[in-house]
file structure-v6.txt (compact mmCIF, C-alpha atoms)
# COMPACT_ATOMS: atom_id res chain seq x y z
CA MET A 1 82.49 131.19 99.51
CA GLY A 2 85.31 131.76 102.00
CA LEU A 3 86.26 135.09 103.51
CA LEU A 4 89.42 135.40 101.41
CA ASP A 5 87.46 134.72 98.26
CA ARG A 6 85.02 137.43 99.19
CA LEU A 7 87.77 139.97 99.82
CA ALA A 8 89.81 139.10 96.77
CA PRO A 9 89.31 140.96 93.51
CA ARG A 10 86.66 139.34 91.42
CA ARG A 11 87.88 137.83 88.18
CA ASN A 12 85.21 136.55 85.93
CA GLU A 13 86.15 135.36 82.47
CA SER A 14 82.68 136.05 81.18
CA ASP A 15 83.12 139.71 82.08
CA VAL A 16 85.99 140.32 79.69
CA PRO A 17 85.05 143.64 78.13
CA ALA A 18 85.11 144.39 74.46
CA ASN A 19 87.11 147.55 75.10
CA PRO A 20 90.76 146.80 74.20
CA SER A 21 92.05 149.48 76.58
CA VAL A 22 90.82 147.46 79.54
CA SER A 23 93.61 145.09 80.44
CA ALA A 24 92.75 141.57 81.52
CA GLU A 25 95.24 141.80 84.41
CA ASP A 26 93.46 144.65 86.17
CA PRO A 27 91.17 143.50 88.98
CA ILE A 28 87.47 144.21 88.69
CA PHE A 29 85.48 145.46 91.64
CA ALA A 30 81.79 146.12 91.93
CA THR A 31 80.52 149.65 92.24
CA LYS A 32 77.15 150.67 93.56
CA ALA A 33 77.48 154.42 93.48
CA LEU A 34 78.40 154.86 89.82
CA ARG A 35 74.97 153.80 88.65
CA LYS A 36 73.32 156.21 91.05
CA PHE A 37 75.66 158.93 89.89
CA LEU A 38 74.62 158.26 86.30
CA THR A 39 70.95 158.18 87.22
CA SER A 40 71.29 161.58 88.84
CA LEU A 41 72.57 162.99 85.56
CA THR A 42 70.33 161.34 82.99
CA ALA A 43 67.54 163.82 83.61
CA ARG A 44 69.81 166.64 82.51
CA GLU A 45 70.14 167.47 78.85
CA SER A 46 73.81 167.51 77.82
CA PRO A 47 75.19 167.56 81.36
CA VAL A 48 78.65 168.88 82.15
CA LEU A 49 81.03 166.49 83.91
CA LEU A 50 84.29 167.21 85.64
CA ASP A 51 86.70 164.27 85.87
CA LEU A 52 89.55 164.82 88.32
CA GLY A 53 91.47 161.70 87.34
CA PRO A 54 93.83 160.96 84.48
CA VAL A 55 92.16 160.71 81.11
CA VAL A 56 90.77 157.24 80.40
CA GLY A 57 89.58 157.04 76.83
CA SER A 58 87.03 154.33 77.44
CA ASN A 59 85.52 156.32 80.32
CA VAL A 60 85.18 159.37 78.09
CA SER A 61 83.41 157.22 75.49
CA PHE A 62 81.23 155.63 78.17
CA PHE A 63 80.00 158.92 79.56
CA GLY A 64 79.59 160.38 76.11
CA GLU A 65 77.44 157.49 74.97
CA GLN A 66 75.45 157.25 78.21
CA LEU A 67 74.85 160.92 78.80
CA GLY A 68 75.78 162.85 75.66
CA CYS A 69 77.70 165.08 77.99
CA LYS A 70 80.58 167.49 77.95
CA ILE A 71 83.51 166.25 80.02
CA PHE A 72 86.30 168.35 81.43
CA VAL A 73 89.33 166.23 82.23
CA GLU A 74 91.40 167.90 84.93
CA ASP A 75 94.04 165.49 86.16
CA ILE A 76 94.58 166.67 89.73
CA PHE A 77 96.60 163.53 90.51
CA ALA A 78 99.19 164.83 88.03
CA ASP A 79 99.12 168.23 89.72
CA LEU A 80 99.69 166.59 93.10
CA SER A 81 102.62 164.56 91.75
CA ARG A 82 104.16 167.65 90.18
CA HIS A 83 103.96 169.56 93.45
CA LEU A 84 105.57 166.65 95.26
CA ARG A 85 108.30 166.29 92.66
CA THR A 86 109.21 169.96 92.78
CA GLY A 87 109.02 170.17 96.57
CA VAL A 88 106.23 172.75 96.70
CA LEU A 89 103.48 170.67 98.23
CA ASP A 90 102.65 173.50 100.64
CA GLU A 91 101.63 175.57 97.61
CA LEU A 92 99.04 173.05 96.50
CA PRO A 93 96.08 174.62 98.36
CA ALA A 94 96.71 178.00 96.75
CA PHE A 95 97.16 176.29 93.38
CA LEU A 96 93.86 174.46 93.73
CA LYS A 97 92.10 177.66 94.62
CA LYS A 98 92.84 178.92 91.08
CA ARG A 99 92.89 175.57 89.33
CA PHE A 100 89.30 175.29 88.11
CA PRO A 101 88.27 177.70 85.36
CA GLN A 102 84.66 176.55 85.48
CA GLU A 103 82.13 179.10 86.61
CA SER A 104 80.32 178.68 89.91
CA GLY A 105 77.36 176.32 89.67
CA SER A 106 78.21 175.28 86.11
CA VAL A 107 79.04 171.58 86.57
CA ASP A 108 76.39 168.85 86.82
CA GLY A 109 78.59 166.01 88.03
CA ILE A 110 82.06 165.56 89.46
CA LEU A 111 84.12 162.38 89.46
CA CYS A 112 86.49 162.87 92.37
CA TRP A 113 87.50 159.19 92.54
CA ASP A 114 89.85 158.62 95.54
CA LEU A 115 91.82 161.84 95.10
CA ILE A 116 91.13 163.17 98.60
CA ASP A 117 92.86 160.15 100.15
CA TYR A 118 96.21 161.33 98.76
CA MET A 119 95.94 164.92 99.93
CA ASP A 120 96.93 166.71 103.09
CA ARG A 121 94.08 168.34 104.95
CA PRO A 122 94.65 171.94 103.77
CA ALA A 123 94.73 170.86 100.13
CA ALA A 124 91.74 168.56 100.60
CA HIS A 125 89.83 171.41 102.22
CA GLU A 126 90.57 173.80 99.37
CA LEU A 127 89.69 171.17 96.78
CA ALA A 128 86.39 170.38 98.48
CA HIS A 129 85.57 174.07 98.61
CA GLU A 130 86.29 174.56 94.92
CA LEU A 131 84.33 171.47 93.90
CA THR A 132 81.38 172.65 95.94
CA ARG A 133 81.64 176.02 94.24
CA VAL A 134 81.61 174.72 90.65
CA LEU A 135 78.88 172.14 91.28
CA ARG A 136 75.43 173.36 90.35
CA PRO A 137 72.59 173.09 92.87
CA ASP A 138 71.31 169.49 92.83
CA GLY A 139 74.51 168.39 91.09
CA ALA A 140 76.25 165.17 92.13
CA LEU A 141 79.78 164.38 93.27
CA LEU A 142 81.15 160.85 93.45
CA ALA A 143 84.12 160.18 95.70
CA PHE A 144 85.88 157.09 97.00
CA PHE A 145 87.66 156.76 100.31
CA ALA A 146 89.82 153.91 101.55
CA ASN A 147 88.73 152.26 104.75
CA THR A 148 92.02 150.55 105.55
CA PRO A 149 95.46 151.97 106.42
CA PRO A 150 97.63 152.97 103.43
CA ARG A 151 99.90 150.23 102.10
CA ASP A 152 101.55 151.31 98.89
CA THR A 153 102.41 154.40 96.90
CA ARG A 154 100.29 153.94 93.83
CA TYR A 155 97.36 155.80 92.39
CA THR A 156 94.44 153.97 90.85
CA LYS A 157 92.85 154.62 87.48
CA TYR A 158 89.21 153.61 87.65
CA VAL A 159 88.30 152.17 84.27
CA ILE A 160 84.57 151.74 83.80
CA VAL A 161 83.64 148.27 82.60
CA ASP A 162 79.92 148.94 82.93
CA GLU A 163 77.60 150.72 85.33
CA VAL A 164 78.23 148.26 88.12
CA ASN A 165 81.88 147.26 87.62
CA LEU A 166 85.15 149.17 87.68
CA LYS A 167 88.61 147.96 86.78
CA HIS A 168 91.23 149.23 89.19
CA ARG A 169 94.43 149.94 87.30
CA SER A 170 97.25 151.07 89.55
CA TYR A 171 100.09 153.28 88.42
CA GLU A 172 103.06 154.95 90.00
CA ALA A 173 102.29 157.76 92.41
CA GLY A 174 104.29 160.47 94.07
CA ARG A 175 103.00 159.43 97.48
CA GLY A 176 100.71 156.96 99.14
CA ARG A 177 97.33 157.46 100.68
CA GLN A 178 97.32 159.70 103.71
CA PRO A 179 95.75 158.57 107.01
CA ILE A 180 92.19 157.47 106.40
CA LEU A 181 89.37 159.92 106.86
CA LEU A 182 86.51 159.04 109.15
CA ASN A 183 83.01 159.52 107.80
CA ARG A 184 82.49 162.55 110.01
CA ASP A 185 85.71 164.11 108.63
CA ILE A 186 84.45 163.57 105.09
CA ILE A 187 81.10 165.12 105.88
CA ARG A 188 82.83 168.14 107.43
CA LEU A 189 85.12 168.42 104.42
CA PHE A 190 82.16 168.61 102.06
CA SER A 191 80.01 170.61 104.42
CA GLY A 192 78.32 172.40 101.53
CA LEU A 193 77.03 169.09 100.17
CA ARG A 194 74.88 166.37 101.61
CA VAL A 195 75.53 162.66 101.51
CA THR A 196 72.79 160.88 99.59
CA ASP A 197 74.31 157.41 99.37
CA SER A 198 77.20 155.73 101.11
CA PHE A 199 78.45 152.21 100.48
CA LEU A 200 81.18 150.20 102.11
CA LEU A 201 82.34 147.70 99.53
CA GLN A 202 83.91 144.36 100.31
CA ASN A 203 87.25 145.64 99.06
CA ASN A 204 87.11 148.19 101.90
CA LEU A 205 86.49 151.13 99.61
CA ARG A 206 83.82 153.56 100.68
CA GLU A 207 81.81 155.02 97.84
CA ILE A 208 80.03 158.22 98.74
CA LEU A 209 77.62 160.12 96.53
CA PHE A 210 77.08 163.75 97.44
CA ARG A 211 74.44 166.15 96.16
CA LYS A 212 74.51 169.88 96.40
CA PRO A 213 71.32 171.11 98.06
CA ALA A 214 69.14 172.83 95.51
CA TYR A 215 68.11 175.56 97.91
CA LEU A 216 71.60 176.84 98.77
CA PRO A 217 72.94 179.81 96.83
CA THR A 218 76.05 178.91 94.86
CA GLU A 219 78.37 181.28 96.68
CA SER A 220 77.16 180.43 100.16
CA THR A 221 79.63 177.59 100.69
CA MET B 222 88.27 154.39 42.62
CA GLU B 223 91.46 155.36 44.41
CA LYS B 224 90.95 157.94 47.12
CA ASP B 225 93.09 161.06 47.04
CA ILE B 226 95.35 161.50 50.05
CA VAL B 227 97.62 164.50 50.35
CA ASN B 228 100.73 164.51 52.51
CA ILE B 229 102.41 167.49 54.10
CA GLY B 230 105.97 166.44 54.80
CA LYS B 231 108.10 166.82 57.86
CA SER B 232 110.00 169.85 56.63
CA VAL B 233 106.89 171.83 55.63
CA VAL B 234 105.68 174.73 57.78
CA ILE B 235 102.31 176.30 57.03
CA LYS B 236 100.90 179.39 58.71
CA GLY B 237 97.38 180.41 57.82
CA GLU B 238 94.19 178.73 56.66
CA LEU B 239 94.24 175.24 55.21
CA ASN B 240 91.09 174.12 53.33
CA GLY B 241 90.55 171.03 51.25
CA SER B 242 88.29 168.29 49.95
CA GLU B 243 90.74 165.40 50.11
CA ASP B 244 92.04 163.33 52.97
CA LEU B 245 95.17 164.90 54.38
CA THR B 246 98.12 163.65 56.41
CA ILE B 247 100.28 166.23 58.12
CA GLU B 248 103.79 165.38 59.24
CA GLY B 249 104.98 168.97 59.32
CA HIS B 250 104.00 172.08 61.27
CA VAL B 251 100.73 173.95 60.77
CA GLU B 252 99.57 177.09 62.57
CA GLY B 253 96.19 178.67 61.94
CA THR B 254 93.02 176.89 60.85
CA ILE B 255 92.48 173.54 59.14
CA GLN B 256 89.15 172.75 57.46
CA LEU B 257 88.49 169.38 55.82
CA LYS B 258 84.81 169.11 56.57
CA GLU B 259 84.14 166.05 54.40
CA ASN B 260 87.47 164.33 54.83
CA VAL B 261 89.86 162.63 57.18
CA LEU B 262 92.71 164.59 58.70
CA THR B 263 95.63 162.59 60.08
CA ILE B 264 98.23 164.29 62.23
CA GLY B 265 101.23 162.03 61.79
CA ALA B 266 103.69 161.15 64.50
CA ASN B 267 105.90 164.05 63.43
CA GLY B 268 103.04 166.48 62.94
CA ARG B 269 102.87 169.56 65.17
CA ILE B 270 99.63 171.54 64.92
CA LYS B 271 98.70 174.81 66.57
CA ALA B 272 95.36 175.34 64.98
CA GLN B 273 91.62 175.16 65.17
CA VAL B 274 90.72 171.96 63.36
CA PHE B 275 87.45 171.12 61.57
CA ALA B 276 87.16 167.80 59.75
CA LYS B 277 84.98 164.78 59.27
CA SER B 278 87.42 162.58 61.19
CA VAL B 279 90.64 163.45 62.92
CA ILE B 280 93.35 160.92 63.77
CA VAL B 281 96.08 162.22 66.05
CA LEU B 282 99.45 160.52 66.32
CA GLY B 283 101.43 163.73 66.80
CA GLU B 284 100.69 166.91 68.72
CA VAL B 285 97.71 169.21 68.47
CA THR B 286 97.29 172.44 70.40
CA GLY B 287 93.89 173.94 69.71
CA ASN B 288 90.26 172.95 69.52
CA VAL B 289 89.26 169.99 67.38
CA THR B 290 85.78 169.64 65.89
CA ALA B 291 84.80 166.54 63.92
CA SER B 292 81.44 165.56 62.47
CA ASP B 293 82.27 161.87 62.83
CA LYS B 294 85.17 160.91 65.10
CA VAL B 295 88.30 162.07 66.87
CA ASP B 296 90.85 159.34 67.50
CA ILE B 297 93.88 160.12 69.67
CA ARG B 298 96.29 157.26 69.25
CA ASP B 299 99.04 156.03 71.54
CA ASN B 300 101.59 158.85 72.04
CA GLY B 301 99.24 161.31 70.35
CA SER B 302 98.62 164.55 72.22
CA VAL B 303 95.78 167.06 72.25
CA ASP B 304 95.70 170.23 74.31
CA GLY B 305 92.33 171.73 73.60
CA ASP B 306 88.63 171.07 73.51
CA ILE B 307 87.14 168.31 71.38
CA ILE B 308 83.66 168.33 69.88
CA ALA B 309 82.65 165.10 68.14
CA PRO B 310 79.97 162.43 68.41
CA ARG B 311 82.64 159.75 68.84
CA VAL B 312 85.95 160.11 70.64
CA ALA B 313 88.60 157.46 71.19
CA ILE B 314 91.60 158.15 73.39
CA ALA B 315 94.28 155.46 73.58
CA GLU B 316 95.95 154.44 76.81
CA GLY B 317 99.25 156.19 76.15
CA ALA B 318 97.73 159.34 74.72
CA HIS B 319 97.91 162.77 76.31
CA PHE B 320 94.77 164.87 76.54
CA ARG B 321 94.02 168.06 78.36
CA GLY B 322 90.77 169.87 77.80
CA SER B 323 87.13 169.00 77.46
CA VAL B 324 85.23 166.51 75.34
CA ASP B 325 81.77 167.38 74.08
CA MET B 326 79.94 164.39 72.63
CA GLN B 327 76.47 164.50 71.21
CA ARG B 328 74.16 161.72 72.29
CA LYS B 329 73.87 159.03 69.62
CA GLY B 330 70.15 158.41 70.10
CA GLY B 331 69.34 162.09 70.30
CA PRO B 332 68.72 164.19 73.38
CA GLY B 333 66.48 162.90 76.13
CA GLN B 334 67.16 159.24 75.40
CA PRO B 335 69.35 157.94 78.18
CA ALA B 336 70.76 154.46 77.76
CA LYS B 337 69.05 151.73 79.70
CA PRO B 338 70.94 151.07 82.95
CA ALA B 339 72.52 147.66 83.23
CA GLU B 340 71.25 145.22 85.83
CA PRO B 341 73.66 144.89 88.77
CA LYS B 342 75.37 141.55 89.13
CA PRO B 343 74.97 139.51 92.28
CA GLN B 344 78.67 139.28 93.17
CA ALA B 345 80.43 141.49 95.69
CA GLN B 346 77.34 142.95 97.27
CA PRO B 347 78.28 146.01 99.32
CA GLN B 348 77.14 146.72 102.81
CA ARG B 349 75.26 149.92 103.29
CA VAL B 350 76.65 152.03 106.07
CA GLY B 351 75.57 155.20 107.74
CA ALA B 352 77.82 158.07 106.76

call {"tool": "encode", "arguments": {"input": "structure-v6.txt", "output": "structure tokens"}}
result
Amino acid sequence: MGLLDRLAPRRNESDVPANPSVSAEDPIFATKALRKFLTSLTARESPVLLDLGPVVGSNVSFFGEQLGCKIFVEDIFADLSRHLRTGVLDELPAFLKKRFPQESGSVDGILCWDLIDYMDRPAAHELAHELTRVLRPDGALLAFFANTPPRDTRYTKYVIVDEVNLKHRSYEAGRGRQPILLNRDIIRLFSGLRVTDSFLLQNNLREILFRKPAYLPTEST
Amino acid sequence: MEKDIVNIGKSVVIKGELNGSEDLTIEGHVEGTIQLKENVLTIGANGRIKAQVFAKSVIVLGEVTGNVTASDKVDIRDNGSVDGDIIAPRVAIAEGAHFRGSVDMQRKGGPGQPAKPAEPKPQAQPQRVGA
């Protein structure tokens, strides 16, 4: 297999999912962290999930069937676009500070997707702080980070095909990815969490799974 | 035997409690509470609901503001909109649908029975990196 083949999105006819909402045109990429994220939640009875992306019906069904969980869908990408559109991006950190109604330590898992890549540092910092606050001790947070310079101004919906494959469905965004974060920047950003798994995929996406240390008091971050 | 289906037309406005034992399609406006515990409630494309909804199945093509509880399924179709929390064992949300709130699904196989994880496929193996 040549280098270009290895970097290109994988298209495998045998992988065509039964879910009609998954378009055949969307490229499929492998994921390693999603399965670990799921494993971290299966021990919990009726876990609570927080999804920061746009609602994807098949993902809601997937998590419901896999985990029997309660999912809060809070589309922060839409909030970011609205702040950009109305020219009040500098107000985003203050908005995020009040954005999450969930009580401290009440959420078992957070799907952050690649949201941080599109945010300025102050907003990213406030978001990370709030996510750390709502995550329960030993809870898990899954985040993606690009490893290559930004190229276009599109968000990505991550549509779960199965535990090891995601369809990447791009849609119009208010802005492109901001300058890439180094691993040390990411670790500092989520200083209240610890990295348990980190993968660099062949599509240059970093998948990082964080856990909140069980011994830290909720409000200490 | 023909199944009874009741329609509430576009020009009808109802405020209060709506109970029934027949399938119901709403194209008008309803505010309050809707209870069709053994039946299917369809919010038509023109339907505008501000209510707490309890039904066996709920199909949303219009707009619902309020919590929706179904013993079987909630189905938000393309261009359907729900602002509120959903409790149902099965939930389907179409690609063009709007949803804001939470979804609470009971596990099909009962609590404590996680689904068996799928085996990873050999393609596109990632490299592990130090963080």

call {"tool": "residues_around", "arguments": {"input": "structure-v6.txt", "residues": "A:Val195", "least_positions_apart": "5", "cutoff": "9 Å", "atoms": "all atoms listed in the file", "output": "NGL selection string"}}
result
(:A and (187 or 190 or 208-212)) or (:B and (352))

call {"tool": "residues_around", "arguments": {"input": "structure-v6.txt", "residues": "A:Pro122", "least_positions_apart": "3", "cutoff": "8 Å", "atoms": "only C-alpha atoms", "output": "JSON, numbers by chain"}}
result
{"A": [93, 125, 126]}

call {"tool": "atom_distance", "arguments": {"input": "structure-v6.txt", "atom1": "atom CA of A:His129", "atom2": "atom CA of A:Glu207"}}
result
19.4 Å

call {"tool": "residues_near_point", "arguments": {"input": "structure-v6.txt", "point": "(99.0, 168.1, 61.7)", "cutoff": "9 Å", "atoms": "all atoms listed in the file", "output": "short mmCIF file (atom, residue, chain, number, x, y, z; two decimals) with C-alpha atoms, in the frame of the given file"}}
result
data_model
loop_
_atom_site.label_atom_id
_atom_site.label_comp_id
_atom_site.auth_asym_id
_atom_site.auth_seq_id
_atom_site.Cartn_x
_atom_site.Cartn_y
_atom_site.Cartn_z
CA ILE B 229 102.41 167.49 54.10
CA LEU B 245 95.17 164.90 54.38
CA THR B 246 98.12 163.65 56.41
CA ILE B 247 100.28 166.23 58.12
CA GLU B 248 103.79 165.38 59.24
CA GLY B 249 104.98 168.97 59.32
CA HIS B 250 104.00 172.08 61.27
CA VAL B 251 100.73 173.95 60.77
CA ILE B 255 92.48 173.54 59.14
CA LEU B 262 92.71 164.59 58.70
CA THR B 263 95.63 162.59 60.08
CA ILE B 264 98.23 164.29 62.23
CA GLY B 265 101.23 162.03 61.79
CA ALA B 266 103.69 161.15 64.50
CA ASN B 267 105.90 164.05 63.43
CA GLY B 268 103.04 166.48 62.94
CA ARG B 269 102.87 169.56 65.17
CA ILE B 270 99.63 171.54 64.92
CA LYS B 271 98.70 174.81 66.57
CA ALA B 272 95.36 175.34 64.98
CA VAL B 281 96.08 162.22 66.05
CA LEU B 282 99.45 160.52 66.32
CA GLY B 283 101.43 163.73 66.80
CA GLU B 284 100.69 166.91 68.72
CA VAL B 285 97.71 169.21 68.47
#

call {"tool": "interface_residues", "arguments": {"input": "structure-v6.txt", "of": "chain A", "to": "chain B", "cutoff": "9 Å", "atoms": "only C-alpha atoms", "output": "ChimeraX atom specification"}}
result
/A:6-7,10,21,29-32,35,38-39,42-46,48,50,54-58,60-61,63-75,162-165,183-184,186-187,195,197-203,208

call {"tool": "write_last_selection", "arguments": {"input": "structure-v6.txt", "atoms": "C-alpha atoms", "output": "PDB file, in the coordinates of the input"}}
result
ATOM      1  CA  ARG A   6      85.020 137.430  99.190  1.00  0.00           C
ATOM      2  CA  LEU A   7      87.770 139.970  99.820  1.00  0.00           C
ATOM      3  CA  ARG A  10      86.660 139.340  91.420  1.00  0.00           C
ATOM      4  CA  SER A  21      92.050 149.480  76.580  1.00  0.00           C
ATOM      5  CA  PHE A  29      85.480 145.460  91.640  1.00  0.00           C
ATOM      6  CA  ALA A  30      81.790 146.120  91.930  1.00  0.00           C
ATOM      7  CA  THR A  31      80.520 149.650  92.240  1.00  0.00           C
ATOM      8  CA  LYS A  32      77.150 150.670  93.560  1.00  0.00           C
ATOM      9  CA  ARG A  35      74.970 153.800  88.650  1.00  0.00           C
ATOM     10  CA  LEU A  38      74.620 158.260  86.300  1.00  0.00           C
ATOM     11  CA  THR A  39      70.950 158.180  87.220  1.00  0.00           C
ATOM     12  CA  THR A  42      70.330 161.340  82.990  1.00  0.00           C
ATOM     13  CA  ALA A  43      67.540 163.820  83.610  1.00  0.00           C
ATOM     14  CA  ARG A  44      69.810 166.640  82.510  1.00  0.00           C
ATOM     15  CA  GLU A  45      70.140 167.470  78.850  1.00  0.00           C
ATOM     16  CA  SER A  46      73.810 167.510  77.820  1.00  0.00           C
ATOM     17  CA  VAL A  48      78.650 168.880  82.150  1.00  0.00           C
ATOM     18  CA  LEU A  50      84.290 167.210  85.640  1.00  0.00           C
ATOM     19  CA  PRO A  54      93.830 160.960  84.480  1.00  0.00           C
ATOM     20  CA  VAL A  55      92.160 160.710  81.110  1.00  0.00           C
ATOM     21  CA  VAL A  56      90.770 157.240  80.400  1.00  0.00           C
ATOM     22  CA  GLY A  57      89.580 157.040  76.830  1.00  0.00           C
ATOM     23  CA  SER A  58      87.030 154.330  77.440  1.00  0.00           C
ATOM     24  CA  VAL A  60      85.180 159.370  78.090  1.00  0.00           C
ATOM     25  CA  SER A  61      83.410 157.220  75.490  1.00  0.00           C
ATOM     26  CA  PHE A  63      80.000 158.920  79.560  1.00  0.00           C
ATOM     27  CA  GLY A  64      79.590 160.380  76.110  1.00  0.00           C
ATOM     28  CA  GLU A  65      77.440 157.490  74.970  1.00  0.00           C
ATOM     29  CA  GLN A  66      75.450 157.250  78.210  1.00  0.00           C
ATOM     30  CA  LEU A  67      74.850 160.920  78.800  1.00  0.00           C
ATOM     31  CA  GLY A  68      75.780 162.850  75.660  1.00  0.00           C
ATOM     32  CA  CYS A  69      77.700 165.080  77.990  1.00  0.00           C
ATOM     33  CA  LYS A  70      80.580 167.490  77.950  1.00  0.00           C
ATOM     34  CA  ILE A  71      83.510 166.250  80.020  1.00  0.00           C
ATOM     35  CA  PHE A  72      86.300 168.350  81.430  1.00  0.00           C
ATOM     36  CA  VAL A  73      89.330 166.230  82.230  1.00  0.00           C
ATOM     37  CA  GLU A  74      91.400 167.900  84.930  1.00  0.00           C
ATOM     38  CA  ASP A  75      94.040 165.490  86.160  1.00  0.00           C
ATOM     39  CA  ASP A 162      79.920 148.940  82.930  1.00  0.00           C
ATOM     40  CA  GLU A 163      77.600 150.720  85.330  1.00  0.00           C
ATOM     41  CA  VAL A 164      78.230 148.260  88.120  1.00  0.00           C
ATOM     42  CA  ASN A 165      81.880 147.260  87.620  1.00  0.00           C
ATOM     43  CA  ASN A 183      83.010 159.520 107.800  1.00  0.00           C
ATOM     44  CA  ARG A 184      82.490 162.550 110.010  1.00  0.00           C
ATOM     45  CA  ILE A 186      84.450 163.570 105.090  1.00  0.00           C
ATOM     46  CA  ILE A 187      81.100 165.120 105.880  1.00  0.00           C
ATOM     47  CA  VAL A 195      75.530 162.660 101.510  1.00  0.00           C
ATOM     48  CA  ASP A 197      74.310 157.410  99.370  1.00  0.00           C
ATOM     49  CA  SER A 198      77.200 155.730 101.110  1.00  0.00           C
ATOM     50  CA  PHE A 199      78.450 152.210 100.480  1.00  0.00           C
ATOM     51  CA  LEU A 200      81.180 150.200 102.110  1.00  0.00           C
ATOM     52  CA  LEU A 201      82.340 147.700  99.530  1.00  0.00           C
ATOM     53  CA  GLN A 202      83.910 144.360 100.310  1.00  0.00           C
ATOM     54  CA  ASN A 203      87.250 145.640  99.060  1.00  0.00           C
ATOM     55  CA  ILE A 208      80.030 158.220  98.740  1.00  0.00           C
TER      56      ILE A 208
END

call {"tool": "axis_aligned_box", "arguments": {"input": "structure-v6.txt", "around": "stretch 244-263 of chain B", "padding_each_side": "3 Å", "output": "JSON"}}
result
{"center_x": 94.6, "center_y": 170.6, "center_z": 57.8, "size_x": 26.8, "size_y": 22.1, "size_z": 15.6}

call {"tool": "residues_around", "arguments": {"input": "structure-v6.txt", "residues": "B:Gln273", "least_positions_apart": "4", "cutoff": "9 Å", "atoms": "only C-alpha atoms", "output": "list in words"}}
result
Glu252, Gly253, Thr254, Ile255, Gln256, Thr286, Gly287, Asn288, Val289 and Thr290 of chain B

call {"tool": "residues_around", "arguments": {"input": "structure-v6.txt", "residues": "A:Leu49", "least_positions_apart": "2", "cutoff": "6 Å", "atoms": "only C-alpha atoms", "output": "PyMOL selection string"}}
result
chain A and resi 71+108-110

call {"tool": "atom_distance", "arguments": {"input": "structure-v6.txt", "atom1": "atom CA of A:Leu141", "atom2": "atom CA of A:Leu111"}}
result
6.1 Å

call {"tool": "atom_distance", "arguments": {"input": "structure-v6.txt", "atom1": "atom CA of A:Pro179", "atom2": "atom CA of A:Glu130"}}
result
22.2 Å

call {"tool": "closest_residue", "arguments": {"input": "structure-v6.txt", "among": "A:Val88, A:Ala173, A:Leu131, A:Leu80", "to": "A:Pro101", "atoms": "all atoms listed in the file"}}
result
A:Leu131

call {"tool": "decode", "arguments": {"input": "structure-v6.txt", "residues": "stretch 75-109 of chain A", "atoms": "C-alpha atoms", "output": "short mmCIF file (atom, residue, chain, number, x, y, z; two decimals), in the first residue's frame"}}
result
data_model
loop_
_atom_site.label_atom_id
_atom_site.label_comp_id
_atom_site.auth_asym_id
_atom_site.auth_seq_id
_atom_site.Cartn_x
_atom_site.Cartn_y
_atom_site.Cartn_z
CA ASP A 75 -24.17 22.18 20.29
CA ILE A 76 -21.29 24.48 21.16
CA PHE A 77 -20.28 24.68 17.49
CA ALA A 78 -23.58 26.48 16.88
CA ASP A 79 -22.86 28.81 19.80
CA LEU A 80 -19.44 29.60 18.35
CA SER A 81 -20.93 30.32 14.91
CA ARG A 82 -23.58 32.57 16.43
CA HIS A 83 -20.97 34.58 18.30
CA LEU A 84 -18.94 34.94 15.12
CA ARG A 85 -21.97 35.94 13.08
CA THR A 86 -23.04 38.62 15.54
CA GLY A 87 -19.50 39.93 16.05
CA VAL A 88 -19.33 39.17 19.78
CA LEU A 89 -16.66 36.50 19.79
CA ASP A 90 -14.93 38.20 22.72
CA GLU A 91 -18.03 37.42 24.80
CA LEU A 92 -17.75 33.69 24.19
CA PRO A 93 -15.66 32.89 27.30
CA ALA A 94 -18.19 34.58 29.57
CA PHE A 95 -21.02 32.84 27.71
CA LEU A 96 -19.37 29.45 28.16
CA LYS A 97 -18.92 30.08 31.84
CA LYS A 98 -22.72 30.05 32.21
CA ARG A 99 -23.51 27.71 29.35
CA PHE A 100 -23.66 24.35 31.13
CA PRO A 101 -26.57 23.85 33.50
CA GLN A 102 -25.24 20.49 34.67
CA GLU A 103 -24.20 20.27 38.28
CA SER A 104 -20.56 19.83 39.20
CA GLY A 105 -19.42 16.22 38.99
CA SER A 106 -22.69 15.06 37.43
CA VAL A 107 -21.52 13.92 33.97
CA ASP A 108 -19.91 10.53 33.30
CA GLY A 109 -18.62 11.17 29.80
#
